[in-house]
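Following: one structure in structure tokens, then a few remarks.
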Amino acid sequence: MINVLVADDELPAVEELAYLLGKDDRIGVIHRASSGAEALRALNTETIDAVFLDIHMPAVSGLDVARAITRSSKPPAVVFVTADEDCALEAFELAAVDYLLKPVRADRLAKSVGRISELLHDGGGAAPEMITVDQGGTTRMIRRDDVTYVQAQGDYARLHTADASYLIRVPLADLEQQWAEAGFIRTHRSYLVALKHVQSMKLAADKPSVSVAGAGLPISRRHLPMVREKLEATRIRPQA
């Protein structure tokens, strides 16, 4: 069970988030704080695995609380919950696990709890790799493991996630080399896919394809042998 702290200077926001968290079977005790100072006191007196922090709280902000947490010997996971997108870069510099925008959707919150659960299960390992992208004049931070596939667009690459797509000025060939160890494989001159997001593959000689997050993508003849090899490496076999 994950014991959490919800901190927001607006009481209705605290109660709404606590209500949504309380519906998740993975959540244990839910502590509440109505200020940054109160959040710091709770962190010093209670056993807390994860903190859901509003950024804009008077006197002691959510960012101030997160900075204090980074100095802890056993820091809890930090999730920022805010109506403001402008602090995303600083939030992830503080090793935030996630960044939720208000109003918080139940399905998005569940994904965030899943990320916390994975982090705790891994013994508080390294934070996920974040990618800086620009969209509509706003700088955003996205997790690499949220990228389902990448599509080549000239000297650019379009990163596809479940919620949106982002154009970055990096050739697909460069990403193929940089992300190989993270489980991304080239299936076509125009596509790089994340194996963890693959739903199915059709490896027949005529029109081989791969289904990734609901998108049907082609597998070229040139890349088919490598795709077969990767797929075979993930196959479960009986013990000898």
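How things are named: the first chain in the structure tokens is A, the next is B, and so on; residues count from 1 in each chain; ligands count from 1 in the order shown.
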
Contact residues around A:Arg32 with only C-alpha atoms at 8 Å, ignoring same-chain residues under 2 positions, as a VMD selection string:
chain A and resid 5 to 7 14 18 30 34 39

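By only C-alpha atoms, and with residues fewer than 5 positions from stretch 104-107 of chain A along its chain excluded, the set lying at most 10 Å from it is Ala13, Glu16, Leu17, Leu20, Leu21, Lys23, Asp24, Val81, Thr82, Ala83, Ser112 and Val113 of chain A.
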
Output file for the selection above: all heavy atoms, as a compact mmCIF listing (two decimals), in the first residue's frame:
# COMPACT_ATOMS: atom_id res chain seq x y z
N ALA A 13 -9.72 21.40 -3.32
CA ALA A 13 -8.78 20.68 -4.17
C ALA A 13 -8.15 19.51 -3.41
O ALA A 13 -7.97 18.43 -3.97
CB ALA A 13 -7.69 21.62 -4.68
N GLU A 16 -10.92 16.79 -3.10
CA GLU A 16 -11.21 16.14 -4.38
C GLU A 16 -10.13 15.14 -4.74
O GLU A 16 -10.41 14.01 -5.15
CB GLU A 16 -11.32 17.20 -5.47
CG GLU A 16 -11.46 16.64 -6.90
CD GLU A 16 -12.77 15.89 -7.13
OE1 GLU A 16 -13.70 16.02 -6.33
OE2 GLU A 16 -12.85 15.14 -8.13
N LEU A 17 -8.86 15.54 -4.59
CA LEU A 17 -7.77 14.64 -4.93
C LEU A 17 -7.72 13.47 -3.95
O LEU A 17 -7.48 12.32 -4.35
CB LEU A 17 -6.44 15.40 -4.92
CG LEU A 17 -5.23 14.64 -5.45
CD1 LEU A 17 -5.48 14.10 -6.85
CD2 LEU A 17 -3.99 15.54 -5.45
N LEU A 20 -10.36 10.97 -5.00
CA LEU A 20 -9.97 10.18 -6.16
C LEU A 20 -8.91 9.14 -5.78
O LEU A 20 -8.97 7.99 -6.22
CB LEU A 20 -9.43 11.10 -7.27
CG LEU A 20 -10.45 12.02 -7.94
CD1 LEU A 20 -9.75 12.96 -8.91
CD2 LEU A 20 -11.51 11.22 -8.67
N LEU A 21 -7.95 9.54 -4.97
CA LEU A 21 -6.91 8.61 -4.53
C LEU A 21 -7.50 7.49 -3.68
O LEU A 21 -7.08 6.33 -3.75
CB LEU A 21 -5.83 9.35 -3.74
CG LEU A 21 -4.87 10.23 -4.55
CD1 LEU A 21 -4.08 11.16 -3.65
CD2 LEU A 21 -3.93 9.37 -5.39
N LYS A 23 -10.16 5.97 -3.98
CA LYS A 23 -10.83 4.95 -4.79
C LYS A 23 -9.85 3.97 -5.41
O LYS A 23 -10.26 2.99 -6.01
CB LYS A 23 -11.66 5.63 -5.89
CG LYS A 23 -12.79 6.50 -5.36
CD LYS A 23 -13.45 7.31 -6.45
CE LYS A 23 -14.19 6.43 -7.45
NZ LYS A 23 -14.93 7.24 -8.44
N ASP A 24 -8.55 4.24 -5.26
CA ASP A 24 -7.51 3.38 -5.83
C ASP A 24 -7.06 2.37 -4.78
O ASP A 24 -6.61 2.76 -3.69
CB ASP A 24 -6.33 4.23 -6.30
CG ASP A 24 -5.37 3.47 -7.19
OD1 ASP A 24 -5.01 2.33 -6.85
OD2 ASP A 24 -4.97 4.02 -8.24
N VAL A 81 0.78 18.81 -8.77
CA VAL A 81 -0.60 18.93 -9.24
C VAL A 81 -0.90 20.42 -9.33
O VAL A 81 -0.93 21.11 -8.31
CB VAL A 81 -1.60 18.25 -8.27
CG1 VAL A 81 -3.00 18.28 -8.86
CG2 VAL A 81 -1.17 16.82 -7.97
N THR A 82 -1.10 20.93 -10.54
CA THR A 82 -1.20 22.38 -10.71
C THR A 82 -2.02 22.73 -11.95
O THR A 82 -2.19 21.89 -12.84
CB THR A 82 0.20 22.99 -10.82
OG1 THR A 82 0.11 24.40 -11.02
CG2 THR A 82 0.97 22.37 -11.99
N ALA A 83 -2.49 23.95 -11.98
CA ALA A 83 -3.17 24.46 -13.17
C ALA A 83 -2.19 25.17 -14.10
O ALA A 83 -2.56 25.64 -15.17
CB ALA A 83 -4.28 25.42 -12.76
N SER A 112 -0.49 7.93 -12.80
CA SER A 112 0.52 8.50 -11.92
C SER A 112 0.78 7.58 -10.73
O SER A 112 1.94 7.36 -10.34
CB SER A 112 0.05 9.88 -11.42
OG SER A 112 1.06 10.51 -10.68
N VAL A 113 -0.28 7.02 -10.15
CA VAL A 113 -0.13 6.09 -9.04
C VAL A 113 0.65 4.85 -9.51
O VAL A 113 1.49 4.31 -8.78
CB VAL A 113 -1.49 5.68 -8.46
CG1 VAL A 113 -1.34 4.57 -7.41
CG2 VAL A 113 -2.18 6.88 -7.83

Shell of 9 Å around A:Met226, only C-alpha atoms, local chain residues under 4 positions omitted, as a list in words
Ile185, Arg186, Thr187, Arg222, Lys230 and Leu231 of chain A

Going by DSSP on the backbone, which residues of stretch 15-205 of chain A come out as helix (DSSP H, G or I)? List them as a VMD selection string.
chain A and resid 15 to 22 36 to 45 62 to 70 88 to 93 106 to 121 144 to 146 172 to 178 180 to 182 195 to 197

Leaving out stretch 209-214 of chain A and any residue of its chain fewer than 2 positions from it, which residues lie within 9 Å of it when counting only C-alpha atoms, given as a short mmCIF file (atom, residue, chain, number, x, y, z; two decimals) with N, CA and C atoms, in the first residue's frame?
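The resulting file, out.cif, is shown below:
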data_model
loop_
_atom_site.label_atom_id
_atom_site.label_comp_id
_atom_site.auth_asym_id
_atom_site.auth_seq_id
_atom_site.Cartn_x
_atom_site.Cartn_y
_atom_site.Cartn_z
N THR A 148 5.17 5.95 -27.51
CA THR A 148 4.78 4.65 -28.06
C THR A 148 5.51 4.35 -29.36
N TYR A 149 5.65 5.35 -30.22
CA TYR A 149 6.44 5.19 -31.44
C TYR A 149 6.87 6.55 -31.95
N THR A 161 2.64 9.86 -28.18
CA THR A 161 2.25 9.30 -26.88
C THR A 161 0.77 9.00 -26.94
N ALA A 162 0.23 8.48 -25.85
CA ALA A 162 -1.20 8.16 -25.82
C ALA A 162 -2.06 9.40 -25.91
N THR A 187 11.46 -0.39 -37.30
CA THR A 187 10.65 -1.33 -38.06
C THR A 187 10.50 -0.93 -39.52
N VAL A 193 9.68 2.03 -32.98
CA VAL A 193 8.61 1.68 -32.06
C VAL A 193 9.17 1.22 -30.71
N ALA A 194 8.40 1.45 -29.66
CA ALA A 194 8.76 1.00 -28.32
C ALA A 194 8.18 -0.40 -28.12
N LEU A 195 9.04 -1.37 -27.90
CA LEU A 195 8.58 -2.76 -27.77
C LEU A 195 7.56 -2.91 -26.65
N HIS A 197 5.20 -1.08 -25.85
CA HIS A 197 3.87 -0.62 -26.24
C HIS A 197 3.30 -1.40 -27.43
N VAL A 198 4.04 -2.39 -27.90
CA VAL A 198 3.55 -3.19 -29.04
C VAL A 198 2.42 -4.09 -28.57
N GLN A 199 1.30 -4.05 -29.30
CA GLN A 199 0.13 -4.87 -28.97
C GLN A 199 0.11 -6.17 -29.77
N SER A 200 0.51 -6.10 -31.02
CA SER A 200 0.54 -7.30 -31.86
C SER A 200 1.41 -7.04 -33.07
N MET A 201 1.84 -8.17 -33.71
CA MET A 201 2.64 -8.09 -34.93
C MET A 201 2.11 -9.11 -35.93
N LYS A 202 2.12 -8.73 -37.18
CA LYS A 202 1.83 -9.64 -38.29
C LYS A 202 3.11 -9.75 -39.10
N LEU A 203 3.75 -10.91 -39.03
CA LEU A 203 5.06 -11.07 -39.65
C LEU A 203 5.01 -11.88 -40.93
N ALA A 204 3.83 -11.99 -41.53
CA ALA A 204 3.71 -12.68 -42.80
C ALA A 204 4.52 -11.94 -43.86
N LYS A 207 3.01 -7.70 -46.61
CA LYS A 207 2.56 -6.59 -45.78
C LYS A 207 2.70 -6.85 -44.28
N GLY A 216 -1.62 1.06 -36.69
CA GLY A 216 -1.03 0.01 -37.50
C GLY A 216 0.12 0.57 -38.32
N LEU A 217 1.34 0.07 -38.06
CA LEU A 217 2.52 0.61 -38.72
C LEU A 217 3.19 -0.48 -39.56
N PRO A 218 3.73 -0.12 -40.73
CA PRO A 218 4.35 -1.13 -41.59
C PRO A 218 5.71 -1.59 -41.07
N ILE A 219 6.06 -2.84 -41.40
CA ILE A 219 7.41 -3.35 -41.17
C ILE A 219 8.02 -3.59 -42.54
N SER A 220 9.14 -2.97 -42.81
CA SER A 220 9.75 -3.13 -44.13
C SER A 220 10.47 -4.46 -44.23
#

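Omitting A:Gly62 and its sequence neighbours fewer than 3 positions away, and counting only C-alpha atoms, the residues within 8 Å are Gly36, Leu53, Asp54, Ile55, His56, Met57, Val65, Ala66 and Phe80 of chain A.
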
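Residues in contact with stretch 45-51 of chain A at up to 6 Å, not including ones fewer than 6 positions away on its chain and judged by only C-alpha atoms, are A:Ile2, A:Asn3, A:Val4, A:Leu5, A:Pro76, A:Ala77, A:Val78.
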
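Closest approach to A:Phe52 among A:Asp98, A:Ala180, A:Thr70, A:Pro75 is made by A:Asp98 (distances from only C-alpha atoms).
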
Closest of A:Ile116, A:Ile142, A:Leu175, A:Ser35 to A:Asp163 - atom-to-atom distances counting only C-alpha atoms
A:Ile142
